[in-house]
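Shown here: final-v7.cif, mmCIF, C-alpha atoms.
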```cif
data_structure
loop_
_atom_site.label_atom_id
_atom_site.label_comp_id
_atom_site.auth_asym_id
_atom_site.auth_seq_id
_atom_site.Cartn_x
_atom_site.Cartn_y
_atom_site.Cartn_z
CA MET T 1297 -301.12 -77.66 17.75
CA GLN T 1298 -298.66 -78.57 15.04
CA ALA T 1299 -297.88 -81.63 17.14
CA PRO T 1300 -295.51 -83.30 14.68
CA ALA T 1301 -293.38 -80.18 14.52
CA LEU T 1302 -292.74 -79.83 18.22
CA ARG T 1303 -290.33 -81.52 20.54
CA LYS T 1304 -291.01 -81.16 24.24
CA ALA T 1305 -287.61 -82.24 25.50
CA GLN T 1306 -285.23 -79.59 26.71
CA LEU T 1307 -282.70 -78.44 24.22
CA PRO T 1308 -279.18 -79.54 25.07
CA ALA T 1309 -276.62 -76.88 25.81
CA GLN T 1310 -275.96 -74.53 22.94
CA SER T 1311 -273.50 -71.83 22.04
CA ILE T 1312 -275.17 -68.73 20.70
CA ALA T 1313 -273.75 -66.18 18.29
CA GLN T 1314 -275.48 -62.80 18.29
CA PHE T 1315 -275.16 -60.29 15.49
CA ASP T 1316 -277.36 -57.47 14.20
CA GLY T 1317 -280.26 -58.75 16.27
CA LEU T 1318 -280.04 -62.31 14.96
CA LYS T 1319 -279.27 -65.13 17.39
CA LEU T 1320 -277.91 -68.37 15.98
CA ALA T 1321 -277.50 -71.38 18.24
CA PHE T 1322 -275.09 -74.26 17.62
CA PRO T 1323 -274.88 -77.59 19.44
CA ARG T 1324 -272.19 -77.24 22.08
CA ALA T 1325 -270.50 -80.41 20.85
CA GLU T 1326 -269.73 -78.71 17.52
CA VAL T 1327 -268.16 -75.62 19.07
CA ARG T 1328 -264.40 -75.87 19.41
CA ASP T 1329 -264.02 -72.53 21.11
CA LEU T 1330 -265.35 -69.01 21.55
CA ALA T 1331 -262.55 -66.75 20.37
CA SER T 1332 -261.75 -63.06 20.16
CA LEU T 1333 -260.99 -61.27 16.91
CA ASP T 1334 -259.21 -58.38 18.61
CA ASP T 1335 -255.95 -59.54 17.12
CA ALA T 1336 -255.24 -57.62 13.89
CA ALA T 1337 -254.67 -60.92 12.14
CA GLY T 1338 -258.31 -61.72 12.75
CA LEU T 1339 -259.26 -59.25 10.04
CA GLU T 1340 -256.91 -60.61 7.42
CA PRO T 1341 -258.71 -62.42 4.60
CA PHE T 1342 -258.00 -66.12 4.66
CA ALA T 1343 -259.23 -68.90 2.35
CA ASN T 1344 -261.99 -66.76 0.81
CA ALA T 1345 -263.10 -65.60 4.23
CA PRO T 1346 -262.85 -61.97 5.40
CA GLY T 1347 -261.08 -62.96 8.61
CA SER T 1348 -259.23 -65.70 10.41
CA VAL T 1349 -258.46 -66.96 13.85
CA LEU T 1350 -255.51 -68.87 15.21
CA HIS T 1351 -256.45 -71.87 17.31
CA ASP T 1352 -254.01 -74.44 18.66
CA GLY T 1353 -251.41 -73.18 16.21
CA VAL T 1354 -253.64 -73.56 13.15
CA ARG T 1355 -255.29 -70.65 11.31
CA HIS T 1356 -258.95 -71.10 10.41
CA PRO T 1357 -261.21 -68.95 8.18
CA VAL T 1358 -263.78 -66.68 9.84
CA TYR T 1359 -266.93 -65.79 7.92
CA CYS T 1360 -269.33 -62.99 8.62
CA LEU T 1361 -273.08 -62.85 8.08
CA SER T 1362 -275.69 -60.12 8.20
CA ALA T 1363 -278.91 -60.53 10.16
CA ARG T 1364 -280.48 -61.56 6.84
CA MET T 1365 -277.85 -64.29 6.51
CA GLU T 1366 -276.07 -62.55 3.67
CA THR T 1367 -272.34 -63.19 3.57
CA LEU T 1368 -270.33 -60.05 4.21
CA SER T 1369 -267.02 -59.32 2.53
CA HIS T 1370 -265.62 -57.58 5.59
CA ILE T 1371 -266.02 -57.96 9.31
CA PRO T 1372 -267.62 -54.88 10.92
CA ALA T 1373 -265.86 -53.26 13.85
CA SER T 1374 -268.72 -54.35 16.10
CA HIS T 1375 -268.03 -58.06 15.43
CA ARG T 1376 -265.06 -58.87 17.58
CA GLU T 1377 -266.02 -62.29 18.85
CA CYS T 1378 -266.13 -65.57 17.03
CA VAL T 1379 -267.73 -68.99 17.40
CA LEU T 1380 -265.26 -71.56 16.15
CA LEU T 1381 -267.17 -74.48 14.66
CA CYS T 1382 -266.10 -77.98 13.83
CA ALA T 1383 -267.73 -79.25 10.62
CA PRO T 1384 -267.01 -82.75 9.26
CA TRP T 1385 -264.62 -81.35 6.67
CA GLY T 1386 -262.88 -78.63 8.64
CA THR T 1387 -263.00 -75.87 11.21
CA PHE T 1388 -264.28 -72.37 10.56
CA GLY T 1389 -265.48 -69.40 12.54
CA ILE T 1390 -268.51 -67.11 12.48
CA ALA T 1391 -267.84 -63.54 13.53
CA CYS T 1392 -270.41 -62.02 15.86
CA GLU T 1393 -270.97 -59.21 18.30
CA LYS T 1394 -271.37 -61.55 21.20
CA ALA T 1395 -270.77 -65.25 21.64
CA LEU T 1396 -272.08 -66.99 24.70
CA ARG T 1397 -272.67 -70.42 26.12
CA ALA T 1398 -276.23 -71.21 27.11
CA ALA T 1399 -277.20 -73.92 29.55
CA ASP T 1400 -279.99 -76.32 28.71
CA VAL T 1401 -282.82 -74.21 27.37
CA PRO T 1402 -286.13 -74.99 29.11
CA SER T 1403 -288.13 -74.27 26.02
CA ARG T 1404 -289.58 -76.19 23.15
CA LEU T 1405 -287.84 -76.53 19.89
CA GLN T 1406 -290.24 -75.46 17.17
CA SER T 1407 -289.82 -76.11 13.50
CA ILE T 1408 -289.53 -73.22 11.07
CA PRO T 1409 -293.06 -72.87 9.60
CA GLU T 1410 -293.06 -74.67 6.29
CA CYS T 1411 -294.15 -71.62 4.29
CA MET T 1412 -290.94 -69.92 5.45
CA GLU T 1413 -288.56 -72.77 4.91
CA LEU T 1414 -286.24 -72.73 1.95
CA ILE T 1415 -284.70 -75.99 0.79
CA ASP T 1416 -281.12 -74.94 1.41
CA SER T 1417 -281.69 -72.90 4.53
CA PRO T 1418 -279.23 -73.72 7.31
CA LEU T 1419 -281.90 -72.93 9.92
CA LYS T 1420 -283.48 -76.07 11.30
CA GLY T 1421 -285.65 -74.78 14.10
CA LEU T 1422 -286.34 -71.96 16.51
CA VAL T 1423 -286.72 -71.49 20.22
CA PRO T 1424 -288.64 -68.63 21.84
CA CYS T 1425 -286.32 -67.27 24.52
CA GLU T 1426 -286.85 -64.22 26.74
CA GLY T 1427 -289.15 -62.48 24.29
CA ASP T 1428 -286.81 -63.14 21.41
CA LEU T 1429 -286.25 -65.95 18.93
CA VAL T 1430 -283.13 -68.07 18.74
CA PHE T 1431 -282.60 -69.94 15.47
CA LEU T 1432 -280.97 -73.33 15.58
CA THR T 1433 -278.45 -74.45 13.04
CA ASN T 1434 -275.37 -76.65 13.03
CA ALA T 1435 -271.86 -76.50 11.66
CA ALA T 1436 -272.44 -78.80 8.68
CA ARG T 1437 -275.57 -76.97 7.51
CA LEU T 1438 -273.93 -73.59 7.90
CA ALA T 1439 -270.77 -74.72 6.11
CA ASN T 1440 -272.87 -76.00 3.20
CA PHE T 1441 -274.72 -72.71 3.12
CA LEU T 1442 -271.51 -70.69 3.08
CA MET T 1443 -269.92 -72.78 0.37
CA VAL T 1444 -272.65 -72.29 -2.25
CA PRO T 1445 -270.98 -70.07 -4.87
CA GLU T 1446 -274.15 -68.09 -5.66
CA ARG T 1447 -274.14 -66.92 -2.08
CA GLY T 1448 -271.49 -64.47 -3.17
CA LEU T 1449 -268.85 -65.63 -0.78
CA PRO T 1450 -266.12 -63.02 -0.99
CA SER T 1451 -263.14 -64.10 -3.07
CA MET D 642 -330.08 -71.23 -0.95
CA ASN D 643 -326.83 -71.81 0.98
CA GLU D 644 -325.31 -69.00 2.96
CA PHE D 645 -321.97 -68.80 4.67
CA ARG D 646 -320.27 -66.28 6.93
CA VAL D 647 -316.93 -64.71 6.07
CA CYS D 648 -314.50 -62.13 7.41
CA VAL D 649 -313.47 -59.70 4.68
CA PHE D 650 -310.35 -57.56 4.73
CA HIS D 651 -308.12 -55.60 2.39
CA ALA D 652 -305.15 -57.62 1.14
CA SER D 653 -303.96 -54.48 -0.65
CA PRO D 654 -305.39 -50.97 -1.10
CA THR D 655 -307.47 -52.22 -4.02
CA GLN D 656 -308.07 -55.90 -3.33
CA ARG D 657 -310.32 -57.42 -0.69
CA VAL D 658 -310.14 -61.06 0.32
CA ALA D 659 -312.17 -63.24 2.67
CA VAL D 660 -311.64 -66.14 5.04
CA GLY D 661 -314.34 -68.28 6.59
CA GLU D 662 -315.66 -66.74 9.80
CA ALA D 663 -314.85 -69.92 11.72
CA GLU D 664 -311.24 -69.75 10.50
CA PHE D 665 -310.72 -66.25 11.85
CA LEU D 666 -309.68 -66.59 15.49
CA HIS D 667 -308.30 -63.32 16.78
CA LEU D 668 -307.20 -59.84 15.77
CA VAL D 669 -303.91 -58.43 17.04
CA SER D 670 -303.14 -54.72 16.69
CA GLY D 671 -299.53 -53.58 16.63
CA GLY D 672 -298.21 -57.03 17.51
CA ALA D 673 -294.41 -57.29 17.66
CA THR D 674 -293.01 -59.74 15.15
CA HIS D 675 -289.58 -61.27 14.67
CA PRO D 676 -287.81 -61.35 11.30
CA VAL D 677 -286.86 -64.74 9.89
CA PRO D 678 -283.76 -64.71 7.70
CA LEU D 679 -283.91 -66.44 4.32
CA ALA D 680 -287.69 -66.67 4.36
CA PRO D 681 -289.70 -65.70 1.24
CA ALA D 682 -290.32 -61.96 0.99
CA HIS D 683 -294.08 -62.25 1.56
CA CYS D 684 -293.61 -64.38 4.67
CA ARG D 685 -290.60 -63.32 6.69
CA GLU D 686 -292.04 -62.52 10.10
CA ILE D 687 -293.00 -64.66 13.05
CA LEU D 688 -295.52 -63.67 15.68
CA GLN D 689 -295.30 -65.32 19.08
CA TRP D 690 -298.85 -65.95 20.19
CA GLY D 691 -300.05 -68.30 22.89
CA GLY D 692 -296.66 -69.95 23.09
CA GLU D 693 -296.61 -70.71 19.37
CA ALA D 694 -294.42 -69.24 16.68
CA ILE D 695 -296.88 -68.25 13.97
CA PRO D 696 -295.87 -67.35 10.42
CA VAL D 697 -297.15 -63.98 9.20
CA VAL D 698 -298.14 -63.70 5.53
CA ASP D 699 -298.26 -60.26 3.93
CA LEU D 700 -300.63 -60.64 0.98
CA ALA D 701 -300.04 -57.03 -0.14
CA HIS D 702 -296.38 -57.84 -0.60
CA TRP D 703 -297.20 -61.15 -2.29
CA LEU D 704 -299.40 -59.28 -4.74
CA GLY D 705 -296.46 -57.10 -5.71
CA GLY D 706 -297.20 -54.16 -3.47
CA ASP D 707 -294.77 -51.34 -2.92
CA GLU D 708 -292.10 -52.53 -0.48
CA SER D 709 -291.51 -49.01 0.73
CA GLY D 710 -295.09 -48.76 1.95
CA SER D 711 -295.71 -49.36 5.63
CA PRO D 712 -297.10 -52.81 6.34
CA GLY D 713 -300.58 -53.15 7.77
CA ASP D 714 -300.81 -52.70 11.53
CA TYR D 715 -303.24 -55.54 12.15
CA LEU D 716 -302.53 -59.23 12.29
CA GLY D 717 -305.44 -61.59 11.83
CA ILE D 718 -304.79 -64.94 13.51
CA VAL D 719 -306.36 -67.75 11.52
CA GLY D 720 -306.68 -71.49 12.09
CA TYR D 721 -306.84 -74.13 9.40
CA GLN D 722 -306.46 -77.84 8.70
CA ARG D 723 -304.69 -79.41 5.76
CA HIS D 724 -307.37 -82.10 5.69
CA PRO D 725 -310.26 -82.98 8.02
CA GLU D 726 -308.17 -85.35 10.20
CA ALA D 727 -305.10 -83.10 10.34
CA PRO D 728 -304.29 -81.06 13.46
CA PHE D 729 -305.28 -77.40 13.50
CA GLN D 730 -302.50 -75.04 12.58
CA LEU D 731 -302.18 -71.33 13.11
CA GLY D 732 -301.12 -68.54 10.82
CA ALA D 733 -301.39 -64.77 10.72
CA LEU D 734 -302.39 -62.46 7.88
CA ARG D 735 -301.20 -58.87 7.83
CA MET D 736 -304.03 -56.39 7.29
CA ALA D 737 -304.25 -52.64 6.89
CA ARG D 738 -307.61 -52.49 8.65
CA ALA D 739 -309.73 -54.67 10.89
CA PRO D 740 -311.84 -57.16 8.93
CA GLU D 741 -315.59 -56.93 8.55
CA LYS D 742 -318.05 -59.77 8.74
CA ALA D 743 -320.37 -60.55 5.88
CA THR D 744 -322.89 -63.16 4.83
CA VAL D 745 -322.48 -64.56 1.35
CA SER D 746 -325.00 -66.65 -0.54
CA ASP D 747 -324.80 -68.99 -3.52
CA HIS D 748 -326.06 -66.45 -6.01
CA GLN D 749 -323.00 -64.28 -5.35
CA ALA D 750 -320.65 -66.94 -6.70
CA HIS D 751 -318.22 -65.45 -9.17
CA ASN D 752 -316.87 -67.64 -11.93
CA SER D 753 -313.45 -66.10 -12.38
CA PHE D 754 -310.75 -64.87 -10.05
CA PRO D 755 -309.29 -61.35 -10.14
CA ARG D 756 -306.53 -60.95 -12.69
CA ASP D 757 -303.47 -61.77 -10.59
CA PRO D 758 -302.56 -65.47 -11.13
CA LEU D 759 -301.74 -65.77 -7.45
CA TRP D 760 -305.43 -66.16 -6.66
CA LYS D 761 -305.69 -69.41 -8.57
CA ARG D 762 -303.00 -70.81 -6.29
CA ILE D 763 -304.27 -69.63 -2.94
CA ALA D 764 -308.04 -69.08 -3.25
CA LEU D 765 -310.81 -71.65 -2.89
CA CYS D 766 -313.44 -69.70 -4.75
CA CYS D 767 -314.59 -66.18 -5.40
CA TYR D 768 -317.79 -64.23 -4.78
CA GLU D 769 -319.02 -60.84 -5.85
CA ASP D 770 -320.63 -58.03 -3.91
CA GLU D 771 -321.46 -54.43 -4.74
CA GLN D 772 -317.76 -53.47 -4.52
CA GLY D 773 -316.39 -56.20 -6.76
CA ALA D 774 -314.92 -59.70 -6.71
CA VAL D 775 -313.66 -61.14 -3.42
CA PRO D 776 -311.46 -64.28 -3.44
CA VAL D 777 -311.96 -66.63 -0.47
CA LEU D 778 -308.59 -67.85 0.77
CA ASP D 779 -307.61 -71.50 1.01
CA LEU D 780 -305.51 -71.07 4.15
CA ALA D 781 -303.81 -74.46 3.84
CA ARG D 782 -302.41 -73.29 0.52
CA VAL D 783 -301.54 -69.81 1.77
CA PHE D 784 -299.39 -71.33 4.52
CA ALA D 785 -298.00 -74.22 2.48
CA ARG D 786 -294.39 -74.48 1.40
CA ASN D 787 -293.88 -72.22 -1.65
CA GLY D 788 -297.44 -70.94 -1.23
#
```
Once you've parsed the file, please lay out its structure as structure tokens.
Amino acid sequence: MQAPALRKAQLPAQSIAQFDGLKLAFPRAEVRDLASLDDAAGLEPFANAPGSVLHDGVRHPVYCLSARMETLSHIPASHRECVLLCAPWGTFGIACEKALRAADVPSRLQSIPECMELIDSPLKGLVPCEGDLVFLTNAARLANFLMVPERGLPS
Amino acid sequence: MNEFRVCVFHASPTQRVAVGEAEFLHLVSGGATHPVPLAPAHCREILQWGGEAIPVVDLAHWLGGDESGSPGDYLGIVGYQRHPEAPFQLGALRMARAPEKATVSDHQAHNSFPRDPLWKRIALCCYEDEQGAVPVLDLARVFARNG
């Protein structure tokens, strides 16, 4: 069913950020690193982001999202890990409770049902995984989503 | 006189709706759903059923129901086609109670929809029984982008 919306190939390796019950997967090729925010500097606002992370001597902004994909103006104490993403126009991080690398996922990529899909949503698909859903996105889509002013990105 | 079979359920405490009996596939009670971020408020849950991720539409919410009220416990799995050659697709409708079957005949046709303008967007037609007007859902429109 929904044949055009399904891809039967295995998903390539992903890195998954977990926060507040939401799991976001990014193509491994776009992930520069999985970092820790334990450093106090990680919670210092930087370039309109509520946190930052130092990587290879360069500081990058770290953004934080709720499970409803609302941008948060501070990073909760529970979010002490970070997926550092490489978008075409720069590097940024997403704070999360847990960041992990997943091997090839032996499951079908399914499209987001069209009645649920918003034009500017950064979510491009989902994968049922161990009784849960993992939503697929990528760095460019997420960066675009974060940069829309109406999103209320903290200033 | 033409007759057709429908499944009738409450979309809200005061509004009943119907789908074609052949479109109604299965009833799930207490099914666990997964929230989908950024989805429209009336359609923000996914049910995993038979290996498929099925969108769940809450008509009560779409009709402006009280958000603080508990959602219906039942999920009616429905199948539909966008056009006769299109593949079947699945969706789920949240219901407060299990649906009932009914037979409707031509003379029950009702010329106007209930007052909410939503019905003109998502209903095929409307019939009337002793309890009032019942819109018959056009499922392809219910599960279309932007309803």
Exercise. List the residues matched by the PyMOL selection byres ((chain D) within 9 of (chain T)) in the displayed structure as a PyMOL selection string, ordered by chain and then by residue number.
Key: chain D and resi 675-681+684-687+689+692-696+698+728-731+783-788
Exercise. Give me the result of the PyMOL selection byres ((chain D and resi 664) around 12) on this file, residue by residue, as a PyMOL selection string.
Key: chain D and resi 646-649+659-663+665-668+717-722+729-734+777-781
I'd like the contact shell of segment 746-760 of chain D - 12 Å cut-off, all atoms listed in the file, skipping same-chain residues fewer than 4 positions apart - returned as a PDB file with C-alpha atoms, in the coordinates of the input.
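This is the output file result.pdb:
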```pdb
ATOM      1  CA  MET D 642    -330.080 -71.230  -0.950  1.00  0.00           C
ATOM      2  CA  ASN D 643    -326.830 -71.810   0.980  1.00  0.00           C
ATOM      3  CA  GLU D 644    -325.310 -69.000   2.960  1.00  0.00           C
ATOM      4  CA  PHE D 645    -321.970 -68.800   4.670  1.00  0.00           C
ATOM      5  CA  ARG D 646    -320.270 -66.280   6.930  1.00  0.00           C
ATOM      6  CA  VAL D 647    -316.930 -64.710   6.070  1.00  0.00           C
ATOM      7  CA  ALA D 652    -305.150 -57.620   1.140  1.00  0.00           C
ATOM      8  CA  THR D 655    -307.470 -52.220  -4.020  1.00  0.00           C
ATOM      9  CA  GLN D 656    -308.070 -55.900  -3.330  1.00  0.00           C
ATOM     10  CA  ARG D 657    -310.320 -57.420  -0.690  1.00  0.00           C
ATOM     11  CA  VAL D 658    -310.140 -61.060   0.320  1.00  0.00           C
ATOM     12  CA  ALA D 659    -312.170 -63.240   2.670  1.00  0.00           C
ATOM     13  CA  LEU D 700    -300.630 -60.640   0.980  1.00  0.00           C
ATOM     14  CA  ALA D 701    -300.040 -57.030  -0.140  1.00  0.00           C
ATOM     15  CA  HIS D 702    -296.380 -57.840  -0.600  1.00  0.00           C
ATOM     16  CA  TRP D 703    -297.200 -61.150  -2.290  1.00  0.00           C
ATOM     17  CA  LEU D 704    -299.400 -59.280  -4.740  1.00  0.00           C
ATOM     18  CA  GLY D 705    -296.460 -57.100  -5.710  1.00  0.00           C
ATOM     19  CA  ALA D 764    -308.040 -69.080  -3.250  1.00  0.00           C
ATOM     20  CA  LEU D 765    -310.810 -71.650  -2.890  1.00  0.00           C
ATOM     21  CA  CYS D 766    -313.440 -69.700  -4.750  1.00  0.00           C
ATOM     22  CA  CYS D 767    -314.590 -66.180  -5.400  1.00  0.00           C
ATOM     23  CA  TYR D 768    -317.790 -64.230  -4.780  1.00  0.00           C
ATOM     24  CA  GLU D 769    -319.020 -60.840  -5.850  1.00  0.00           C
ATOM     25  CA  ASP D 770    -320.630 -58.030  -3.910  1.00  0.00           C
ATOM     26  CA  GLU D 771    -321.460 -54.430  -4.740  1.00  0.00           C
ATOM     27  CA  GLY D 773    -316.390 -56.200  -6.760  1.00  0.00           C
ATOM     28  CA  ALA D 774    -314.920 -59.700  -6.710  1.00  0.00           C
ATOM     29  CA  VAL D 775    -313.660 -61.140  -3.420  1.00  0.00           C
ATOM     30  CA  PRO D 776    -311.460 -64.280  -3.440  1.00  0.00           C
ATOM     31  CA  VAL D 777    -311.960 -66.630  -0.470  1.00  0.00           C
ATOM     32  CA  LEU D 778    -308.590 -67.850   0.770  1.00  0.00           C
ATOM     33  CA  ASP D 779    -307.610 -71.500   1.010  1.00  0.00           C
ATOM     34  CA  LEU D 780    -305.510 -71.070   4.150  1.00  0.00           C
ATOM     35  CA  ARG D 782    -302.410 -73.290   0.520  1.00  0.00           C
ATOM     36  CA  VAL D 783    -301.540 -69.810   1.770  1.00  0.00           C
ATOM     37  CA  ASN D 787    -293.880 -72.220  -1.650  1.00  0.00           C
ATOM     38  CA  GLY D 788    -297.440 -70.940  -1.230  1.00  0.00           C
TER      39      GLY D 788
END
```
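Atom CA of Ala673 of chain D to atom CA of Leu1432 of chain T spans 21.0 Å [interatomic distance, one decimal].
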Quiz item: Which value, in Å to one decimal, gives the distance between atom CA of Pro1346 of chain T and atom CA of Ala1398 of chain T?
Solution: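 Pair atom CA of Pro1346 of chain T / atom CA of Ala1398 of chain T returns 27.1 Å.
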Quiz prompt | Answer key for the PyMOL selection byres ((chain T and resi 1373) around 10), residues as a PyMOL selection string | solution = chain T and resi 1333-1334+1339+1370-1372+1374-1376+1393
Tell me which residues come within 12 Å of (-255.8, -67.2, 10.7), as a JSON list (two decimals) with C-alpha atoms, in the coordinates of the input, counting all atoms listed in the file in the file's coordinates.
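File part_15.json, as written:
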```json
[["chain", "number", "residue", "atom", "x", "y", "z"],
["T", 1331, "ALA", "CA", -262.55, -66.75, 20.37],
["T", 1332, "SER", "CA", -261.75, -63.06, 20.16],
["T", 1333, "LEU", "CA", -260.99, -61.27, 16.91],
["T", 1335, "ASP", "CA", -255.95, -59.54, 17.12],
["T", 1336, "ALA", "CA", -255.24, -57.62, 13.89],
["T", 1337, "ALA", "CA", -254.67, -60.92, 12.14],
["T", 1338, "GLY", "CA", -258.31, -61.72, 12.75],
["T", 1339, "LEU", "CA", -259.26, -59.25, 10.04],
["T", 1340, "GLU", "CA", -256.91, -60.61, 7.42],
["T", 1341, "PRO", "CA", -258.71, -62.42, 4.60],
["T", 1342, "PHE", "CA", -258.00, -66.12, 4.66],
["T", 1343, "ALA", "CA", -259.23, -68.90, 2.35],
["T", 1344, "ASN", "CA", -261.99, -66.76, 0.81],
["T", 1345, "ALA", "CA", -263.10, -65.60, 4.23],
["T", 1346, "PRO", "CA", -262.85, -61.97, 5.40],
["T", 1347, "GLY", "CA", -261.08, -62.96, 8.61],
["T", 1348, "SER", "CA", -259.23, -65.70, 10.41],
["T", 1349, "VAL", "CA", -258.46, -66.96, 13.85],
["T", 1350, "LEU", "CA", -255.51, -68.87, 15.21],
["T", 1351, "HIS", "CA", -256.45, -71.87, 17.31],
["T", 1352, "ASP", "CA", -254.01, -74.44, 18.66],
["T", 1353, "GLY", "CA", -251.41, -73.18, 16.21],
["T", 1354, "VAL", "CA", -253.64, -73.56, 13.15],
["T", 1355, "ARG", "CA", -255.29, -70.65, 11.31],
["T", 1356, "HIS", "CA", -258.95, -71.10, 10.41],
["T", 1357, "PRO", "CA", -261.21, -68.95, 8.18],
["T", 1358, "VAL", "CA", -263.78, -66.68, 9.84],
["T", 1359, "TYR", "CA", -266.93, -65.79, 7.92],
["T", 1380, "LEU", "CA", -265.26, -71.56, 16.15],
["T", 1387, "THR", "CA", -263.00, -75.87, 11.21],
["T", 1388, "PHE", "CA", -264.28, -72.37, 10.56],
["T", 1389, "GLY", "CA", -265.48, -69.40, 12.54]]
```
Quiz item: So how far away is atom CA of Lys742 of chain D from atom CA of His724 of chain D, in Å?
Solution: 24.9 Å
Around all listed atoms of segment 731-736 of chain D, padded 3 Å per side, what centre and edge lengths does the axis-aligned box have in Å to one decimal, as AutoDock Vina command-line options?
```
--center_x -302.6 --center_y -63.9 --center_z 10.2 --size_x 8.9 --size_y 20.9 --size_z 11.8
```
Quiz item: Leaving out Ala1383 of chain T and any residue of its chain fewer than 3 positions from it, which residues lie within 8 Å of it when counting all atoms listed in the file, given as a ChimeraX atom specification?
Solution: /T:1326,1386-1388,1435-1436,1439
Quiz prompt | Option closest in space to Ala737 of chain D, from D:Lys761, D:Arg723, D:His683, D:His651 [counting all atoms listed in the file] | solution =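 Among the listed residues, D:His651 lies closest to Ala737 of chain D.
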Practice problem: List the neighbours of Lys1319 of chain T out to 6 Å using only C-alpha atoms; skip same-chain residues closer than 2 positions along the sequence, and give me the result as a ChimeraX atom specification. | Solution: /T:1313-1314,1430
